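Here's the structure, in structure tokens; my notes come after.
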Amino acid sequence: MKIKISGIELRRIAMPLVAPFRTSFGVETSRDVLVVRVVTPDGEGWAECAAMSEPRYCSEYVDGAQDVLRKFLIPALPKDGVDAAAVGRILEPFTGHHMAKSALETAVLDVQLRVAGESFGSYLGASRDRVPCGVSVGIMNSLPELLDAVDRYAVDRYVAEGYVRIKLKIEPGWDIEPVRAVRERFGDDLLLQVDANAAYTLVDAQHLAKLDAFDLLLIEQPLANDDMVQHAQLARILRTPICLDESIESAADAAAAISLGACSIINVKPARVGGYLEARRIHDLARAHGIPVWCGGMLETGIGRAANVALAALPGFTLPGDTSGSHRYFVTDITPPFVLSDGHLDVPTGPGLGTEPLTELLDEVTTAREWIAL
Ligand code: OSB
Ligand code: MG
């Protein structure tokens, strides 16, 4: 189906986080989110860009994403209409900028599905109507803070809220002890994994092997983004399965990682790989290889969360994702909040994303707007 686009609004919103979120690459206290709204004669489509304020998690950052959208990506769309499935190929001559590309493709897909009356879940091939949810826990100043004594946003509370899997962010100096403390308090049945966001090198292999004692589901991205070969070497030393996040920017990367033995699990973040269609290709490839995948997150508002929950319902997503409830990050979201029930989130069933920003809430947090006519 070809959709004729009249223009695209690029809007920036300021979304304060309920608590600072600390990783090995920095501390986030507020999300500066780029929201994309595609306007057509038949309706609107929404998406958010996952790029963060600074290029630390990856090379993209939100000002840069808006610039490349304005200067190159949006002007490349044909004036006489476009099918969402063609957007990826149209944008291919521009290298990189996967998060910017993903936001544009997703907004076009959203309006197209709304016009067709089909949900993201149905379009992508979801096989379940709800998904089990994990939560990502930032680096803390102390073990009591990580558990429950000081911080309201600590492991204790998440376990009580029903999250079925806990992911601890780690870095050198905050790895073995926090894992031990959580295992001692919550027992061996808790599904537990760690995420290093590329904070280690192969020299740390013997240190990371100490994590083998704690029966973790996986260790996510221990080494640098482009350390594919080193991850394969590390995989031969560790018993804990290696999962790649930052290293996988495409289905081709996933194919390389699988054939190298660089990982046995993949974190699929649609934004990082350029969109939900490439994310589905990675899912299909991994599934054919018997490699489990799970859906990662980028502190999304309800717009991005809705699409992630739909993706996480595909049959190869066999591990709980970072698909937390909206209140994990925001007191007030721009959409009706996603709320956990029995550790799960329902896959939206309405057309497109099945949700949209509430105009008043969106306007309240808006810091800038830009209109690009097509
Ligand atoms: O590495 O998975 C990551 C957040 C921002 C950037 C990178 C990562 C994360 C998270 C949180 O771990 C995921 C989420 O709950 O949205
Ligand atoms: Mg990660």
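Every chain in the structure tokens takes a letter, A first, then B, and so on in the order presented; its residues are numbered from 1, and the ligands are numbered from 1 following the presented order.
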List every residue of chain A that has an atom at most 7 Å from any atom of ligand 2, and for each one report the closest atom pair and its distance in Å to one decimal, counting only C-alpha atoms and all ligand atoms, with rows sorted by chain and then by increasing residue number, as a tab-separated table.
```
residue	atom	partner	partner_atom_place_in_ligand_line	distance
A:Asp195	CA	ligand 2	1 (Mg)	5.5
A:Asn197	CA	ligand 2	1 (Mg)	5.5
A:Glu220	CA	ligand 2	1 (Mg)	6.0
A:Gln221	CA	ligand 2	1 (Mg)	6.4
A:Asp245	CA	ligand 2	1 (Mg)	5.2
A:Glu246	CA	ligand 2	1 (Mg)	6.8
```
Would you mind exporting N, CA, C and O atoms of the selected residues as a compact mmCIF listing (two decimals), in the first residue's frame?
```
# COMPACT_ATOMS: atom_id res chain seq x y z
N ASP A 195 24.35 -6.64 32.26
CA ASP A 195 24.63 -5.89 31.03
C ASP A 195 25.80 -4.94 31.30
O ASP A 195 25.70 -4.04 32.14
N ASN A 197 27.40 -3.05 28.85
CA ASN A 197 27.50 -1.95 27.89
C ASN A 197 28.95 -1.69 27.47
O ASN A 197 29.45 -0.57 27.54
N GLU A 220 25.37 -9.50 28.85
CA GLU A 220 25.09 -8.71 27.66
C GLU A 220 26.27 -7.78 27.37
O GLU A 220 26.74 -7.06 28.26
N GLN A 221 26.72 -7.80 26.14
CA GLN A 221 27.75 -6.90 25.61
C GLN A 221 28.89 -6.63 26.60
O GLN A 221 29.11 -5.48 26.99
N ASP A 245 24.36 -6.81 22.21
CA ASP A 245 23.45 -5.69 22.05
C ASP A 245 24.10 -4.73 21.05
O ASP A 245 23.88 -4.81 19.82
N GLU A 246 25.00 -3.86 21.53
CA GLU A 246 25.62 -2.82 20.70
C GLU A 246 26.24 -3.35 19.41
O GLU A 246 26.24 -2.66 18.38
```
Using only C-alpha atoms and all ligand atoms, what table do you get, as a tab-separated table, when you list each residue of chain A with an atom no more than 7 Å from ligand 1, its nearest pair of atoms, and their distance in Å rounded to one decimal, rows by chain then rising number?
```
residue	atom	partner	partner_atom_place_in_ligand_line	distance
A:Tyr57	CA	ligand 1	6 (C)	6.0
A:Val135	CA	ligand 1	15 (O)	5.9
A:Ser136	CA	ligand 1	15 (O)	5.1
A:Asp195	CA	ligand 1	1 (O)	6.5
A:Asn197	CA	ligand 1	1 (O)	5.5
A:Asp245	CA	ligand 1	1 (O)	6.7
A:Gly296	CA	ligand 1	2 (O)	5.7
A:Gly297	CA	ligand 1	16 (O)	3.3
A:Met298	CA	ligand 1	16 (O)	3.9
A:Leu299	CA	ligand 1	16 (O)	3.6
A:Glu300	CA	ligand 1	16 (O)	5.9
A:Asp322	CA	ligand 1	15 (O)	4.7
A:Thr323	CA	ligand 1	15 (O)	6.2
A:Ser324	CA	ligand 1	15 (O)	6.0
```
Write out the residues from the selection above, keeping N, CA and C atoms, as a PDB file, in the first residue's frame.
```pdb
ATOM      1  N   TYR A  57      26.098   5.554  24.137  1.00  0.00           N
ATOM      2  CA  TYR A  57      25.671   4.158  23.910  1.00  0.00           C
ATOM      3  C   TYR A  57      26.066   3.738  22.488  1.00  0.00           C
ATOM      4  N   VAL A 135      13.176  -6.117  33.785  1.00  0.00           N
ATOM      5  CA  VAL A 135      13.481  -4.728  34.108  1.00  0.00           C
ATOM      6  C   VAL A 135      14.990  -4.563  34.211  1.00  0.00           C
ATOM      7  N   SER A 136      15.463  -3.425  33.746  1.00  0.00           N
ATOM      8  CA  SER A 136      16.888  -3.113  33.754  1.00  0.00           C
ATOM      9  C   SER A 136      17.175  -2.214  34.949  1.00  0.00           C
ATOM     10  N   ASP A 195      24.350  -6.639  32.260  1.00  0.00           N
ATOM     11  CA  ASP A 195      24.634  -5.885  31.033  1.00  0.00           C
ATOM     12  C   ASP A 195      25.796  -4.935  31.297  1.00  0.00           C
ATOM     13  N   ASN A 197      27.395  -3.051  28.854  1.00  0.00           N
ATOM     14  CA  ASN A 197      27.502  -1.950  27.889  1.00  0.00           C
ATOM     15  C   ASN A 197      28.954  -1.695  27.474  1.00  0.00           C
ATOM     16  N   ASP A 245      24.365  -6.813  22.214  1.00  0.00           N
ATOM     17  CA  ASP A 245      23.448  -5.688  22.047  1.00  0.00           C
ATOM     18  C   ASP A 245      24.104  -4.729  21.049  1.00  0.00           C
ATOM     19  N   GLY A 296      15.115  -5.567  23.493  1.00  0.00           N
ATOM     20  CA  GLY A 296      15.753  -4.565  24.345  1.00  0.00           C
ATOM     21  C   GLY A 296      14.930  -3.300  24.394  1.00  0.00           C
ATOM     22  N   GLY A 297      15.398  -2.333  25.187  1.00  0.00           N
ATOM     23  CA  GLY A 297      14.675  -1.073  25.316  1.00  0.00           C
ATOM     24  C   GLY A 297      15.634   0.098  25.324  1.00  0.00           C
ATOM     25  N   MET A 298      15.103   1.286  25.120  1.00  0.00           N
ATOM     26  CA  MET A 298      15.892   2.525  25.142  1.00  0.00           C
ATOM     27  C   MET A 298      15.131   3.585  25.948  1.00  0.00           C
ATOM     28  N   LEU A 299      14.590   3.183  27.097  1.00  0.00           N
ATOM     29  CA  LEU A 299      13.840   4.110  27.960  1.00  0.00           C
ATOM     30  C   LEU A 299      12.733   4.788  27.158  1.00  0.00           C
ATOM     31  N   GLU A 300      11.962   3.989  26.428  1.00  0.00           N
ATOM     32  CA  GLU A 300      10.955   4.539  25.518  1.00  0.00           C
ATOM     33  C   GLU A 300       9.741   5.117  26.251  1.00  0.00           C
ATOM     34  N   ASP A 322      13.356  -6.172  27.945  1.00  0.00           N
ATOM     35  CA  ASP A 322      13.371  -4.936  28.738  1.00  0.00           C
ATOM     36  C   ASP A 322      12.115  -4.137  28.384  1.00  0.00           C
ATOM     37  N   THR A 323      10.985  -4.803  28.442  1.00  0.00           N
ATOM     38  CA  THR A 323       9.696  -4.174  28.147  1.00  0.00           C
ATOM     39  C   THR A 323       9.007  -3.903  29.478  1.00  0.00           C
ATOM     40  N   SER A 324       9.519  -2.900  30.187  1.00  0.00           N
ATOM     41  CA  SER A 324       8.978  -2.599  31.513  1.00  0.00           C
ATOM     42  C   SER A 324       7.690  -1.800  31.391  1.00  0.00           C
TER      43      SER A 324
END
```
field: Residue contacts of stretch 202-215 of chain A (7 Å, only C-alpha atoms) excluding same-chain residues fewer than 2 positions away, as an MDAnalysis selection string
entry: chainID A and resid 176 200 217 230 234 238:240
message: Using only C-alpha atoms, can you tell me which of A:Leu358, A:Cys58, A:Val347, A:Ala86 comes closest to A:Arg305?
response: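 The shortest atom-to-atom distance to A:Arg305 comes from A:Val347.
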query: Contacts of stretch 71-83 of chain A at 6 Å or less, counting only C-alpha atoms, minus same-chain residues fewer than 6 places along, as JSON, numbers by chain?
result: {"A": [1, 2, 3, 4]}
